[in-house]
file input.pdb (PDB, C-alpha atoms)
MODEL        1
ATOM      1  CA  MET U 120     -46.801 -41.508  51.471
ATOM      2  CA  PRO U 121     -47.032 -38.254  53.399
ATOM      3  CA  GLU U 122     -44.907 -37.145  56.318
ATOM      4  CA  PRO U 123     -46.487 -36.932  59.783
ATOM      5  CA  ILE U 124     -46.743 -33.795  61.901
ATOM      6  CA  SER U 125     -48.441 -33.861  65.298
ATOM      7  CA  LEU U 126     -50.616 -31.141  66.765
ATOM      8  CA  ILE U 127     -50.793 -31.860  70.479
ATOM      9  CA  SER U 128     -53.201 -30.007  72.727
ATOM     10  CA  SER U 129     -53.768 -29.782  76.458
ATOM     11  CA  ALA U 130     -57.478 -29.457  75.751
ATOM     12  CA  LYS U 131     -59.559 -32.605  75.722
ATOM     13  CA  ILE U 132     -61.089 -32.197  72.283
ATOM     14  CA  GLN U 133     -63.962 -34.437  71.301
ATOM     15  CA  ARG U 134     -64.152 -35.702  67.730
ATOM     16  CA  SER U 135     -67.460 -33.895  67.211
ATOM     17  CA  GLU U 136     -65.806 -30.603  68.254
ATOM     18  CA  PHE U 137     -62.893 -31.246  65.922
ATOM     19  CA  LEU U 138     -65.198 -32.047  63.014
ATOM     20  CA  SER U 139     -67.190 -28.876  63.695
ATOM     21  CA  PHE U 140     -63.950 -26.914  63.656
ATOM     22  CA  LEU U 141     -62.970 -28.460  60.306
ATOM     23  CA  LYS U 142     -66.410 -27.738  58.931
ATOM     24  CA  TYR U 143     -66.207 -24.120  60.143
ATOM     25  CA  LEU U 144     -62.914 -23.740  58.258
ATOM     26  CA  GLY U 145     -64.506 -25.159  55.123
ATOM     27  CA  ILE U 146     -62.244 -28.210  55.136
ATOM     28  CA  LEU U 147     -63.357 -31.297  53.213
ATOM     29  CA  LEU U 148     -64.655 -33.798  55.770
ATOM     30  CA  HIS U 149     -64.054 -37.549  55.594
ATOM     31  CA  PRO U 150     -62.070 -37.646  52.331
ATOM     32  CA  ASP U 151     -61.709 -41.408  52.863
ATOM     33  CA  ASN U 152     -62.452 -44.023  55.512
ATOM     34  CA  VAL U 153     -59.395 -43.150  57.629
ATOM     35  CA  TYR U 154     -59.015 -39.367  57.888
ATOM     36  CA  ASP U 155     -61.335 -36.726  59.373
ATOM     37  CA  GLY U 156     -60.454 -34.080  56.813
ATOM     38  CA  ARG U 157     -58.238 -32.932  53.968
ATOM     39  CA  ILE U 158     -56.986 -29.531  52.815
ATOM     40  CA  SER U 159     -55.810 -29.286  49.225
ATOM     41  CA  ARG U 160     -54.273 -26.524  47.178
ATOM     42  CA  GLU U 161     -53.384 -27.626  43.650
ATOM     43  CA  ASN U 162     -51.058 -30.599  44.140
ATOM     44  CA  THR U 163     -50.368 -29.990  47.833
ATOM     45  CA  HIS U 164     -52.427 -31.802  50.454
ATOM     46  CA  VAL U 165     -52.732 -32.297  54.205
ATOM     47  CA  TRP U 166     -54.829 -35.123  55.618
ATOM     48  CA  MET U 167     -55.842 -34.800  59.271
ATOM     49  CA  VAL U 168     -57.300 -37.065  61.913
ATOM     50  CA  LEU U 169     -57.854 -36.895  65.648
ATOM     51  CA  ASP U 170     -55.929 -39.916  66.915
ATOM     52  CA  ASN U 171     -55.106 -39.942  70.615
ATOM     53  CA  SER U 172     -53.595 -43.430  70.429
ATOM     54  CA  GLU U 173     -50.389 -41.853  69.111
ATOM     55  CA  LEU U 174     -49.850 -40.149  72.490
ATOM     56  CA  GLU U 175     -48.997 -43.594  73.866
ATOM     57  CA  ASN U 176     -46.196 -44.015  71.321
ATOM     58  CA  PHE U 177     -44.093 -41.127  72.568
ATOM     59  CA  ASN U 178     -41.247 -42.139  74.849
ATOM     60  CA  GLY U 179     -40.431 -40.577  78.217
ATOM     61  CA  ASP U 180     -38.104 -37.903  76.818
ATOM     62  CA  GLU U 181     -40.594 -36.927  74.147
ATOM     63  CA  MET U 182     -43.472 -36.694  76.633
ATOM     64  CA  LYS U 183     -41.330 -34.677  79.025
ATOM     65  CA  LEU U 184     -40.452 -32.095  76.389
ATOM     66  CA  ILE U 185     -43.983 -32.036  74.948
ATOM     67  CA  THR U 186     -45.429 -31.431  78.420
ATOM     68  CA  GLN U 187     -42.785 -28.792  79.112
ATOM     69  CA  LYS U 188     -43.520 -26.917  75.892
ATOM     70  CA  LEU U 189     -47.262 -27.303  76.372
ATOM     71  CA  THR U 190     -47.018 -26.358  80.078
ATOM     72  CA  ALA U 191     -49.780 -28.884  80.705
ATOM     73  CA  LYS U 192     -50.621 -32.527  80.231
ATOM     74  CA  PRO U 193     -51.172 -33.493  76.581
ATOM     75  CA  GLN U 194     -54.755 -34.640  76.093
ATOM     76  CA  THR U 195     -55.406 -34.597  72.367
ATOM     77  CA  HIS U 196     -53.326 -35.648  69.385
ATOM     78  CA  ILE U 197     -54.146 -34.507  65.877
ATOM     79  CA  LEU U 198     -52.150 -36.210  63.140
ATOM     80  CA  LEU U 199     -51.403 -34.122  60.066
ATOM     81  CA  ASP U 200     -50.148 -36.231  57.175
ATOM     82  CA  VAL U 201     -48.460 -33.801  54.822
ATOM     83  CA  SER U 202     -47.984 -34.697  51.166
ATOM     84  CA  LYS U 203     -44.421 -34.620  49.877
ATOM     85  CA  THR U 204     -45.023 -32.051  47.168
ATOM     86  CA  PRO U 205     -43.240 -28.744  47.839
ATOM     87  CA  GLY U 206     -45.517 -26.218  49.532
ATOM     88  CA  SER U 207     -47.499 -28.807  51.463
ATOM     89  CA  GLU U 208     -45.879 -27.800  54.755
ATOM     90  CA  GLN U 209     -47.237 -24.290  54.221
ATOM     91  CA  LEU U 210     -50.741 -25.737  54.172
ATOM     92  CA  ALA U 211     -50.007 -27.625  57.386
ATOM     93  CA  LEU U 212     -48.695 -24.451  59.016
ATOM     94  CA  GLU U 213     -51.772 -22.482  58.023
ATOM     95  CA  PHE U 214     -53.978 -25.154  59.561
ATOM     96  CA  ALA U 215     -51.825 -25.345  62.722
ATOM     97  CA  CYS U 216     -52.076 -21.562  63.164
ATOM     98  CA  LYS U 217     -55.872 -21.692  62.964
ATOM     99  CA  PHE U 218     -55.940 -24.636  65.362
ATOM    100  CA  ALA U 219     -53.636 -22.784  67.795
ATOM    101  CA  LYS U 220     -56.021 -19.828  67.899
ATOM    102  CA  GLN U 221     -58.779 -22.197  69.033
ATOM    103  CA  TRP U 222     -56.901 -24.552  71.361
ATOM    104  CA  SER U 223     -53.621 -24.422  73.250
ATOM    105  CA  CYS U 224     -51.194 -26.665  71.383
ATOM    106  CA  ILE U 225     -47.660 -27.477  70.327
ATOM    107  CA  VAL U 226     -46.393 -28.852  67.031
ATOM    108  CA  TYR U 227     -44.152 -31.916  66.830
ATOM    109  CA  ASP U 228     -42.866 -32.131  63.282
ATOM    110  CA  SER U 229     -41.556 -35.037  61.217
ATOM    111  CA  ASN U 230     -37.991 -34.020  62.035
ATOM    112  CA  TYR U 231     -38.647 -34.442  65.775
ATOM    113  CA  LYS U 232     -38.624 -30.719  66.440
ATOM    114  CA  ILE U 233     -41.136 -29.335  68.905
ATOM    115  CA  TYR U 234     -42.618 -25.859  68.446
ATOM    116  CA  SER U 235     -44.285 -24.244  71.433
ATOM    117  CA  ALA U 236     -47.491 -22.273  70.893
ATOM    118  CA  GLU U 237     -45.452 -19.045  70.958
ATOM    119  CA  GLU U 238     -42.948 -20.359  68.417
ATOM    120  CA  LEU U 239     -45.801 -21.532  66.212
ATOM    121  CA  LEU U 240     -47.610 -18.197  66.372
ATOM    122  CA  GLU U 241     -44.369 -16.389  65.533
ATOM    123  CA  LEU U 242     -44.201 -18.416  62.308
ATOM    124  CA  CYS U 243     -47.804 -17.695  61.377
ATOM    125  CA  PRO U 244     -47.599 -14.094  60.199
ATOM    126  CA  ALA U 245     -44.430 -14.826  58.265
ATOM    127  CA  GLN U 246     -46.319 -17.455  56.276
ATOM    128  CA  ALA U 247     -43.237 -19.637  56.525
ATOM    129  CA  GLY U 248     -43.291 -23.412  56.385
ATOM    130  CA  PHE U 249     -41.928 -25.723  59.019
ATOM    131  CA  VAL U 250     -38.197 -25.734  58.528
ATOM    132  CA  TRP U 251     -35.742 -28.467  59.343
ATOM    133  CA  GLY U 252     -34.366 -27.389  62.692
ATOM    134  CA  VAL U 253     -31.790 -28.793  65.042
ATOM    135  CA  ASP U 254     -32.666 -27.146  68.344
ATOM    136  CA  SER U 255     -35.323 -28.561  70.672
ATOM    137  CA  LYS U 256     -34.976 -31.892  68.913
ATOM    138  CA  VAL U 257     -35.851 -35.018  70.799
ATOM    139  CA  ASN U 258     -34.410 -38.473  70.619
ATOM    140  CA  PRO U 259     -37.535 -40.401  69.662
ATOM    141  CA  ILE U 260     -36.105 -43.895  70.077
TER     142      ILE U 260
ATOM    143  CA  MET T  58     -29.699 -49.526  37.223
ATOM    144  CA  SER T  59     -32.183 -49.801  34.403
ATOM    145  CA  SER T  60     -35.747 -48.907  35.174
ATOM    146  CA  LEU T  61     -38.603 -46.657  34.155
ATOM    147  CA  PHE T  62     -37.970 -44.895  37.436
ATOM    148  CA  GLU T  63     -34.199 -44.586  37.072
ATOM    149  CA  GLN T  64     -33.983 -40.784  37.133
ATOM    150  CA  ALA T  65     -36.476 -40.446  39.985
ATOM    151  CA  ILE T  66     -34.501 -42.983  42.023
ATOM    152  CA  ILE T  67     -31.183 -41.236  41.295
ATOM    153  CA  ASN T  68     -32.739 -37.936  42.386
ATOM    154  CA  ALA T  69     -33.970 -39.535  45.591
ATOM    155  CA  LEU T  70     -30.567 -41.063  46.335
ATOM    156  CA  ASN T  71     -28.939 -37.642  45.869
ATOM    157  CA  SER T  72     -31.505 -35.810  47.999
ATOM    158  CA  ILE T  73     -30.550 -34.011  51.209
ATOM    159  CA  ASN T  74     -33.754 -35.359  52.765
ATOM    160  CA  PRO T  75     -33.016 -38.672  54.582
ATOM    161  CA  GLN T  76     -36.563 -39.848  53.929
ATOM    162  CA  LYS T  77     -36.119 -39.457  50.166
ATOM    163  CA  VAL T  78     -32.737 -41.168  50.286
ATOM    164  CA  LEU T  79     -34.256 -44.151  52.099
ATOM    165  CA  GLU T  80     -37.024 -44.426  49.486
ATOM    166  CA  GLY T  81     -34.368 -44.416  46.761
ATOM    167  CA  LYS T  82     -32.354 -47.102  48.539
ATOM    168  CA  VAL T  83     -35.384 -49.353  48.912
ATOM    169  CA  ALA T  84     -36.360 -48.969  45.243
ATOM    170  CA  ASN T  85     -32.781 -49.604  44.156
ATOM    171  CA  THR T  86     -32.538 -52.717  46.331
ATOM    172  CA  ILE T  87     -35.734 -54.087  44.822
ATOM    173  CA  ILE T  88     -34.510 -53.580  41.263
ATOM    174  CA  GLN T  89     -31.091 -55.051  42.022
ATOM    175  CA  ALA T  90     -32.739 -58.142  43.505
ATOM    176  CA  GLY T  91     -34.716 -58.652  40.317
ATOM    177  CA  PHE T  92     -38.187 -57.786  41.580
ATOM    178  CA  ASP T  93     -40.590 -55.900  39.351
ATOM    179  CA  LEU T  94     -40.785 -52.220  40.392
ATOM    180  CA  VAL T  95     -44.101 -50.874  39.100
ATOM    181  CA  GLY T  96     -44.340 -47.617  41.049
ATOM    182  CA  PHE T  97     -42.073 -45.098  42.749
ATOM    183  CA  ASN T  98     -43.334 -41.942  44.483
ATOM    184  CA  LYS T  99     -46.657 -42.398  42.740
ATOM    185  CA  ALA T 100     -49.356 -39.759  43.204
ATOM    186  CA  VAL T 101     -52.848 -41.291  43.316
ATOM    187  CA  GLY T 102     -55.921 -39.340  42.215
ATOM    188  CA  LEU T 103     -56.223 -35.931  40.610
ATOM    189  CA  ASN T 104     -53.099 -33.962  41.644
ATOM    190  CA  GLY T 105     -52.412 -36.668  44.207
ATOM    191  CA  GLU T 106     -55.506 -35.807  46.253
ATOM    192  CA  ILE T 107     -56.152 -39.436  47.192
ATOM    193  CA  GLY T 108     -52.637 -40.183  48.339
ATOM    194  CA  GLU T 109     -49.075 -41.171  47.570
ATOM    195  CA  ILE T 110     -47.355 -44.544  47.237
ATOM    196  CA  ASP T 111     -43.642 -44.690  47.978
ATOM    197  CA  VAL T 112     -42.661 -47.956  46.314
ATOM    198  CA  GLU T 113     -44.772 -50.598  44.581
ATOM    199  CA  THR T 114     -43.874 -53.969  43.130
ATOM    200  CA  SER T 115     -46.143 -56.295  41.206
ATOM    201  CA  ASN T 116     -46.865 -58.091  44.490
ATOM    202  CA  ALA T 117     -46.699 -55.509  47.254
ATOM    203  CA  ILE T 118     -46.974 -51.867  48.277
ATOM    204  CA  ILE T 119     -44.090 -50.617  50.398
ATOM    205  CA  GLU T 120     -44.381 -47.598  52.660
ATOM    206  CA  VAL T 121     -40.910 -46.294  53.529
ATOM    207  CA  THR T 122     -40.198 -44.180  56.575
ATOM    208  CA  THR T 123     -37.402 -42.901  58.782
ATOM    209  CA  GLN T 124     -40.031 -42.196  61.459
ATOM    210  CA  THR T 125     -40.291 -44.025  64.778
ATOM    211  CA  ALA T 126     -44.129 -44.053  64.868
ATOM    212  CA  ARG T 127     -47.182 -42.237  63.423
ATOM    213  CA  LYS T 128     -47.623 -44.370  60.285
ATOM    214  CA  LEU T 129     -50.653 -46.408  61.354
ATOM    215  CA  LYS T 130     -53.249 -44.252  59.595
ATOM    216  CA  GLN T 131     -51.325 -44.306  56.332
ATOM    217  CA  ILE T 132     -50.983 -48.076  56.501
ATOM    218  CA  GLN T 133     -54.704 -48.449  57.223
ATOM    219  CA  LYS T 134     -55.416 -46.305  54.180
ATOM    220  CA  LEU T 135     -53.072 -48.305  51.951
ATOM    221  CA  ILE T 136     -54.784 -51.504  53.028
ATOM    222  CA  SER T 137     -58.375 -50.349  52.751
ATOM    223  CA  ASN T 138     -58.609 -47.679  50.067
ATOM    224  CA  PRO T 139     -59.615 -49.189  46.714
ATOM    225  CA  ASP T 140     -58.070 -46.305  44.774
ATOM    226  CA  MET T 141     -54.739 -46.690  46.537
ATOM    227  CA  ASN T 142     -54.692 -50.466  46.431
ATOM    228  CA  PRO T 143     -57.228 -51.813  43.906
ATOM    229  CA  LEU T 144     -55.568 -55.229  43.723
ATOM    230  CA  LYS T 145     -55.449 -55.546  47.526
ATOM    231  CA  LYS T 146     -51.701 -56.110  47.496
ATOM    232  CA  PRO T 147     -50.021 -56.820  50.820
ATOM    233  CA  VAL T 148     -48.688 -53.661  52.473
ATOM    234  CA  ILE T 149     -45.194 -53.536  53.938
ATOM    235  CA  LEU T 150     -43.858 -50.811  56.208
ATOM    236  CA  TYR T 151     -40.102 -50.445  55.735
ATOM    237  CA  ALA T 152     -39.122 -48.628  58.888
ATOM    238  CA  PRO T 153     -35.598 -49.121  60.277
ATOM    239  CA  ASN T 154     -36.265 -46.875  63.295
ATOM    240  CA  TYR T 155     -39.821 -47.883  64.177
ATOM    241  CA  LYS T 156     -40.543 -48.461  67.859
ATOM    242  CA  ILE T 157     -41.900 -51.766  69.166
ATOM    243  CA  THR T 158     -45.337 -50.685  70.421
ATOM    244  CA  PRO T 159     -46.426 -48.841  67.263
ATOM    245  CA  ALA T 160     -44.963 -51.716  65.231
ATOM    246  CA  GLN T 161     -47.400 -54.056  66.980
ATOM    247  CA  ASP T 162     -50.247 -51.795  65.851
ATOM    248  CA  ILE T 163     -48.997 -52.077  62.266
ATOM    249  CA  ILE T 164     -48.878 -55.877  62.471
ATOM    250  CA  ALA T 165     -52.381 -55.918  63.979
ATOM    251  CA  THR T 166     -53.726 -54.362  60.765
ATOM    252  CA  GLY T 167     -52.569 -57.434  58.843
ATOM    253  CA  SER T 168     -49.682 -55.653  57.165
ATOM    254  CA  TYR T 169     -45.978 -56.307  57.588
ATOM    255  CA  ILE T 170     -43.106 -54.347  59.084
ATOM    256  CA  VAL T 171     -39.454 -54.839  58.151
ATOM    257  CA  ARG T 172     -36.379 -52.980  59.316
ATOM    258  CA  THR T 173     -33.608 -54.116  56.973
ATOM    259  CA  GLN T 174     -33.123 -54.662  53.263
ATOM    260  CA  ASP T 175     -32.563 -58.391  53.850
ATOM    261  CA  GLU T 176     -35.877 -58.681  55.718
ATOM    262  CA  LEU T 177     -37.616 -56.818  52.907
ATOM    263  CA  LEU T 178     -36.206 -59.021  50.150
ATOM    264  CA  GLU T 179     -36.992 -62.184  52.094
ATOM    265  CA  LEU T 180     -40.600 -61.048  52.574
ATOM    266  CA  LEU T 181     -40.957 -60.008  48.917
ATOM    267  CA  PHE T 182     -39.705 -63.422  47.902
ATOM    268  CA  ILE T 183     -42.286 -65.120  50.128
ATOM    269  CA  LEU T 184     -45.099 -62.858  48.891
ATOM    270  CA  GLY T 185     -44.038 -63.399  45.304
ATOM    271  CA  VAL T 186     -44.333 -67.166  45.411
TER     272      VAL T 186
ENDMDL
END
call {"tool": "encode", "arguments": {"input": "input.pdb", "output": "structure tokens"}}
result
Amino acid sequence: MPEPISLISSAKIQRSEFLSFLKYLGILLHPDNVYDGRISRENTHVWMVLDNSELENFNGDEMKLITQKLTAKPQTHILLDVSKTPGSEQLALEFACKFAKQWSCIVYDSNYKIYSAEELLELCPAQAGFVWGVDSKVNPI
Amino acid sequence: MSSLFEQAIINALNSINPQKVLEGKVANTIIQAGFDLVGFNKAVGLNGEIGEIDVETSNAIIEVTTQTARKLKQIQKLISNPDMNPLKKPVILYAPNYKITPAQDIIATGSYIVRTQDELLELLFILGV
């Protein structure tokens, strides 16, 4: 199954707002009974859902670094489940860039690397995917 | 190793991605123990648009992860989506690093969580009876 990436925002985003945002972007809404939306391009896919319960699963070190990078208290967690097919991370990045233009956020990827809003926006014009990094990594256990 | 999925499993075991390696190890363990592997890295739906299944036996679907949390939604989908799981097989999360609190959420869905190969084989044996 797909790999998780978190979009974490200091804004308190309501589900209705998030769904409107997805609809505005032309994203398929409610592709199944679990996710709020799905982006697909050929065989690459990203499923997304607003799920604040995951904020409670971060440990103290993770929350500290997330808050530091966000420069505010995290209020909303969007889970991006990224399919394993090559190129899927590009789709996730494109979505994260659009999200970041709407709401202040950081990205916490599946390799436990945290990207600040500035770092994320630097990646956007380059159209690069999330890369496996070693700096800013957190011990999630 | 002799399986329909032999080459895919070898590729996974030789991957530089720890997640892929773990999937390969789980599939290999299942075959070696004599269980029926019926799916490995299976894309569901047109171009995989419904989802992906890591490992499937004739009696269970196994989601494999190196993650410490954030798998609840995928497990819920594996349990409830008729395209992903038409036979309503039990769903097992194989997650050696999973934290305790999110693990409780997984168990609350009615699925299983295991952290070692021995735990997995023991559970597959129970589910297979």
call {"tool": "axis_aligned_box", "arguments": {"input": "input.pdb", "around": "range 132-147 of chain U", "padding_each_side": "4 Å", "output": "AutoDock Vina command-line options"}}
result
--center_x -64.3 --center_y -29.7 --center_z 62.7 --size_x 14.4 --size_y 20.0 --size_z 27.1
call {"tool": "resolve_selection", "arguments": {"input": "input.pdb", "expression": "the PyMOL selection byres ((chain U) within 12 of (chain T))", "output": "PyMOL selection string"}}
result
chain U and resi 120-125+147+149-178+181+196-204+207+227-231+251+257-260
call {"tool": "atom_distance", "arguments": {"input": "input.pdb", "atom1": "CA of Asn85 in chain T", "atom2": "CA of Ile67 in chain T"}}
result
9.0 Å
call {"tool": "atom_distance", "arguments": {"input": "input.pdb", "atom1": "CA of Leu242 in chain U", "atom2": "CA of Trp222 in chain U"}}
result
16.8 Å
call {"tool": "resolve_selection", "arguments": {"input": "input.pdb", "expression": "the PyMOL selection byres ((chain T and resi 179-184) around 12)", "output": "compact mmCIF listing (two decimals) with C-alpha atoms, keeping the file's coordinate frame"}}
result
# COMPACT_ATOMS: atom_id res chain seq x y z
CA THR T 86 -32.54 -52.72 46.33
CA ILE T 87 -35.73 -54.09 44.82
CA ILE T 88 -34.51 -53.58 41.26
CA ALA T 90 -32.74 -58.14 43.50
CA GLY T 91 -34.72 -58.65 40.32
CA PHE T 92 -38.19 -57.79 41.58
CA ASP T 93 -40.59 -55.90 39.35
CA LEU T 94 -40.78 -52.22 40.39
CA GLU T 113 -44.77 -50.60 44.58
CA THR T 114 -43.87 -53.97 43.13
CA SER T 115 -46.14 -56.30 41.21
CA ASN T 116 -46.86 -58.09 44.49
CA ALA T 117 -46.70 -55.51 47.25
CA ILE T 118 -46.97 -51.87 48.28
CA ILE T 119 -44.09 -50.62 50.40
CA LYS T 146 -51.70 -56.11 47.50
CA PRO T 147 -50.02 -56.82 50.82
CA VAL T 148 -48.69 -53.66 52.47
CA ILE T 149 -45.19 -53.54 53.94
CA LEU T 150 -43.86 -50.81 56.21
CA TYR T 151 -40.10 -50.44 55.74
CA SER T 168 -49.68 -55.65 57.16
CA TYR T 169 -45.98 -56.31 57.59
CA ILE T 170 -43.11 -54.35 59.08
CA VAL T 171 -39.45 -54.84 58.15
CA ARG T 172 -36.38 -52.98 59.32
CA THR T 173 -33.61 -54.12 56.97
CA GLN T 174 -33.12 -54.66 53.26
CA ASP T 175 -32.56 -58.39 53.85
CA GLU T 176 -35.88 -58.68 55.72
CA LEU T 177 -37.62 -56.82 52.91
CA LEU T 178 -36.21 -59.02 50.15
CA GLY T 185 -44.04 -63.40 45.30
CA VAL T 186 -44.33 -67.17 45.41
